[in-house]
Amino acid sequence: MNKKVVAISIAIVAIVAIAIILILGNKTEEKNRKVLRVGMECAYAPYNWLQTNDSNGAVPIKDGINYAYGYDVMMAKKIAEELDCDLEIYQIDWDSLPLALESNKIDCVIAGQSITSERLETVDFTTPYYYASIVTLTNSDSKYTNAKGVSDLEGATCTSQINTCWYDTCLPQIKNANILPAMDTAPNMLVALNSKTVDLVVTDMPTAMAAIQVYPNMKILDFTNNNNNFEISDEEINIGISVKKGNSELLEKINNVLKKYNAQDYEKMMNEAIKVQPLSK
């Protein structure tokens with residue numbers, strides 16, 4: 001073998017060796033890259049929902065075949081990017097979200113949760129990442145369609161989603177209300193209203209705005225600027241991201257990301273989510 005051939009062989013071996021080192025280095029870097037594991041129910045448009053593809057930037061659900069998108073996913077992507085983390089979305093039933101945090105299955109919950117004193121007993125919350133006013137939804141042909149305040153809803157048959165301030169705090173304020181069992185998801189709540197099983201439901205404005213795109217026969221009753229409104233505290237309308245009790249490090253990191261946004265930014269993002277929710281098409 002002449003010297004030229006030997007030189008070429010050595011060069012090829014060197015190139016292959018460098019390539020292997022780079023590949024192994026990249027794999028090690030990927031393996032060591034941090035992951036932000038986010039839980040949500042994926043059934044609460046426009047905050048979060050399921051879809052079958054990655055359109056609009058949807059994220060694949062961990063260990064699932066579908067994708068998640070919505071306002072919460074948009075926010076999760078921003079936080080993961082700022083924290084230089086990969087993002088994993090876990091689909092978890094609404095009632096099981098706090099348990100998933102406690103068991104370390106996920107790092108945080110971004111799921112349209114109100115920052116209530118009751119929830120603060122078991123989890124820690126960030127500063128709000130949305131401010132959601134509470135409204136009433138009824139059908140356009142309902143006898144309550146012209147209601148001007150909560151007192152005008154007297155005697156209504158109603159429901160809302162389980163473990164929400166809408167069901168636990170607002171519905172009992174309706175005089176002589178016939179309160180049916182709470183629904184396990186927001187879509188089921190809307191189906192009950194559309195089928196006229198109930199006269200009305202109480203929810204927040206984003207959910208109501210999304211609903212009327214799907215059900216044009218529904219009407220939003222907004223008593224926000226009315227003295228005859230539901231009596232609620234700020235904790236009922238401030239929506240936050242929850243982390244495991246005592247996880248101050250992650251809480252601070254997420255709060256630092258949220259400082260970069262204001263209420264107008266949140267509203268713009270929410271409107272974008274409402275426009276692309278699957279059922280509105």
# chains A, B, ... in the order shown; residues from 1 in each chain; ligands from 1
call {"tool": "residues_around", "arguments": {"residues": "Ala186 of chain A", "least_positions_apart": "5", "cutoff": "9 Å", "atoms": "only C-alpha atoms", "output": "count of residues only"}}
result
9
call {"tool": "select_by_dssp", "arguments": {"residues": "segment 28-195 of chain A", "states": "strand (DSSP E or B)", "output": "NGL selection string"}}
result
:A and (35-40 or 44 or 48-51 or 59-61 or 67-69 or 86-91 or 108-114 or 123-125 or 130-131 or 134-139 or 157-159 or 161 or 178-179 or 183)
call {"tool": "closest_residue", "arguments": {"among": "A:Lys175, A:Cys170, A:Thr159, A:Val214", "to": "Val201 of chain A", "atoms": "only C-alpha atoms"}}
result
A:Thr159
call {"tool": "residues_around", "arguments": {"residues": "Leu200 of chain A", "least_positions_apart": "6", "cutoff": "9 Å", "atoms": "only C-alpha atoms", "output": "compact mmCIF listing (two decimals) with N, CA and C atoms, in the first residue's frame"}}
result
# COMPACT_ATOMS: atom_id res chain seq x y z
N THR A 136 -73.10 33.79 31.87
CA THR A 136 -74.12 32.76 31.77
C THR A 136 -74.41 32.49 30.29
N LEU A 137 -74.63 31.23 29.97
CA LEU A 137 -75.01 30.83 28.62
C LEU A 137 -76.43 30.26 28.66
N THR A 138 -77.26 30.70 27.72
CA THR A 138 -78.59 30.13 27.58
C THR A 138 -78.90 30.00 26.10
N ASN A 139 -80.00 29.35 25.77
CA ASN A 139 -80.41 29.24 24.38
C ASN A 139 -81.20 30.47 23.96
N SER A 142 -84.76 30.63 24.94
CA SER A 142 -85.03 30.41 26.35
C SER A 142 -85.82 31.57 26.95
N TYR A 144 -85.09 32.87 29.55
CA TYR A 144 -84.10 33.69 30.26
C TYR A 144 -83.24 34.52 29.32
N LEU A 153 -82.70 35.12 36.77
CA LEU A 153 -82.51 33.70 36.47
C LEU A 153 -83.26 32.80 37.45
N ALA A 156 -84.36 28.71 37.44
CA ALA A 156 -83.78 28.04 36.26
C ALA A 156 -83.23 26.66 36.61
N THR A 157 -83.38 25.75 35.67
CA THR A 157 -82.71 24.46 35.76
C THR A 157 -81.32 24.65 35.16
N CYS A 158 -80.29 24.29 35.89
CA CYS A 158 -78.95 24.67 35.47
C CYS A 158 -77.90 23.65 35.90
N THR A 159 -76.73 23.78 35.31
CA THR A 159 -75.58 22.96 35.69
C THR A 159 -74.31 23.68 35.26
N SER A 160 -73.17 23.07 35.54
CA SER A 160 -71.88 23.58 35.09
C SER A 160 -70.87 22.45 35.25
N ALA A 192 -75.57 19.54 27.30
CA ALA A 192 -76.76 19.59 28.15
C ALA A 192 -77.59 20.83 27.86
N LEU A 193 -76.91 21.95 27.62
CA LEU A 193 -77.62 23.19 27.30
C LEU A 193 -78.22 23.12 25.90
call {"tool": "residues_around", "arguments": {"residues": "segment 229-246 of chain A", "least_positions_apart": "6", "cutoff": "7 Å", "atoms": "only C-alpha atoms", "output": "mmCIF file with C-alpha atoms, in the first residue's frame"}}
result
data_model
loop_
_atom_site.group_PDB
_atom_site.id
_atom_site.type_symbol
_atom_site.label_atom_id
_atom_site.label_comp_id
_atom_site.auth_asym_id
_atom_site.auth_seq_id
_atom_site.Cartn_x
_atom_site.Cartn_y
_atom_site.Cartn_z
ATOM 1 C CA LEU A 101 -48.697 16.870 40.502
ATOM 2 C CA GLU A 102 -48.426 15.307 43.928
ATOM 3 C CA ASP A 107 -44.273 19.267 36.654
ATOM 4 C CA CYS A 108 -47.152 21.708 36.343
ATOM 5 C CA VAL A 109 -50.799 22.030 35.375
ATOM 6 C CA ILE A 110 -51.818 24.526 32.698
ATOM 7 C CA GLY A 112 -57.588 27.024 32.981
ATOM 8 C CA GLN A 113 -57.617 26.607 36.771
ATOM 9 C CA SER A 114 -58.901 29.423 38.971
ATOM 10 C CA ILE A 115 -56.517 30.374 41.777
ATOM 11 C CA THR A 116 -58.842 29.553 44.661
ATOM 12 C CA THR A 122 -52.792 21.513 48.107
ATOM 13 C CA VAL A 123 -50.817 23.192 45.273
ATOM 14 C CA ASP A 124 -48.909 26.403 44.628
ATOM 15 C CA PHE A 125 -49.972 28.821 41.890
ATOM 16 C CA THR A 126 -48.146 31.248 39.658
ATOM 17 C CA THR A 127 -49.339 34.760 39.041
ATOM 18 C CA PRO A 128 -52.349 34.763 36.669
ATOM 19 C CA TYR A 129 -51.805 33.895 33.030
ATOM 20 C CA TYR A 130 -55.382 34.887 32.181
ATOM 21 C CA TYR A 131 -58.253 36.859 33.735
ATOM 22 C CA ALA A 132 -61.631 35.271 32.945
ATOM 23 C CA SER A 133 -64.922 36.997 33.709
ATOM 24 C CA GLY A 149 -79.030 40.126 36.112
ATOM 25 C CA VAL A 150 -78.743 37.089 38.369
ATOM 26 C CA CYS A 165 -66.402 28.046 40.957
ATOM 27 C CA CYS A 170 -72.280 30.806 41.223
ATOM 28 C CA GLN A 173 -76.681 32.256 44.050
ATOM 29 C CA PHE A 223 -73.686 40.753 33.986
#
call {"tool": "residues_around", "arguments": {"residues": "Tyr71 of chain A", "least_positions_apart": "4", "cutoff": "7 Å", "atoms": "only C-alpha atoms", "output": "tab-separated table (two decimals) with N, CA and C atoms, in the first residue's frame"}}
result
chain	number	residue	atom	x	y	z
A	46	PRO	N	-61.75	27.00	24.81
A	46	PRO	CA	-60.56	27.21	24.00
A	46	PRO	C	-59.24	27.10	24.78
A	47	TYR	N	-59.32	26.68	26.05
A	47	TYR	CA	-58.08	26.55	26.82
A	47	TYR	C	-57.23	25.38	26.31
A	48	ASN	N	-57.86	24.24	26.11
A	48	ASN	CA	-57.13	23.07	25.61
A	48	ASN	C	-58.09	22.08	24.97
A	75	MET	N	-49.39	28.68	25.71
A	75	MET	CA	-48.63	29.20	26.85
A	75	MET	C	-47.55	28.22	27.28
A	269	MET	N	-53.79	36.15	22.57
A	269	MET	CA	-53.57	34.71	22.44
A	269	MET	C	-54.87	33.93	22.55
A	270	MET	N	-55.73	34.34	23.49
A	270	MET	CA	-57.00	33.63	23.66
A	270	MET	C	-57.86	33.76	22.42
A	273	ALA	N	-56.75	31.37	19.88
A	273	ALA	CA	-57.16	30.00	20.21
A	273	ALA	C	-58.62	29.77	19.85
call {"tool": "closest_residue", "arguments": {"among": "A:Ser151, A:Asn66, A:Ser117, A:Ser140", "to": "Asn228 of chain A", "atoms": "only C-alpha atoms"}}
result
A:Ser151
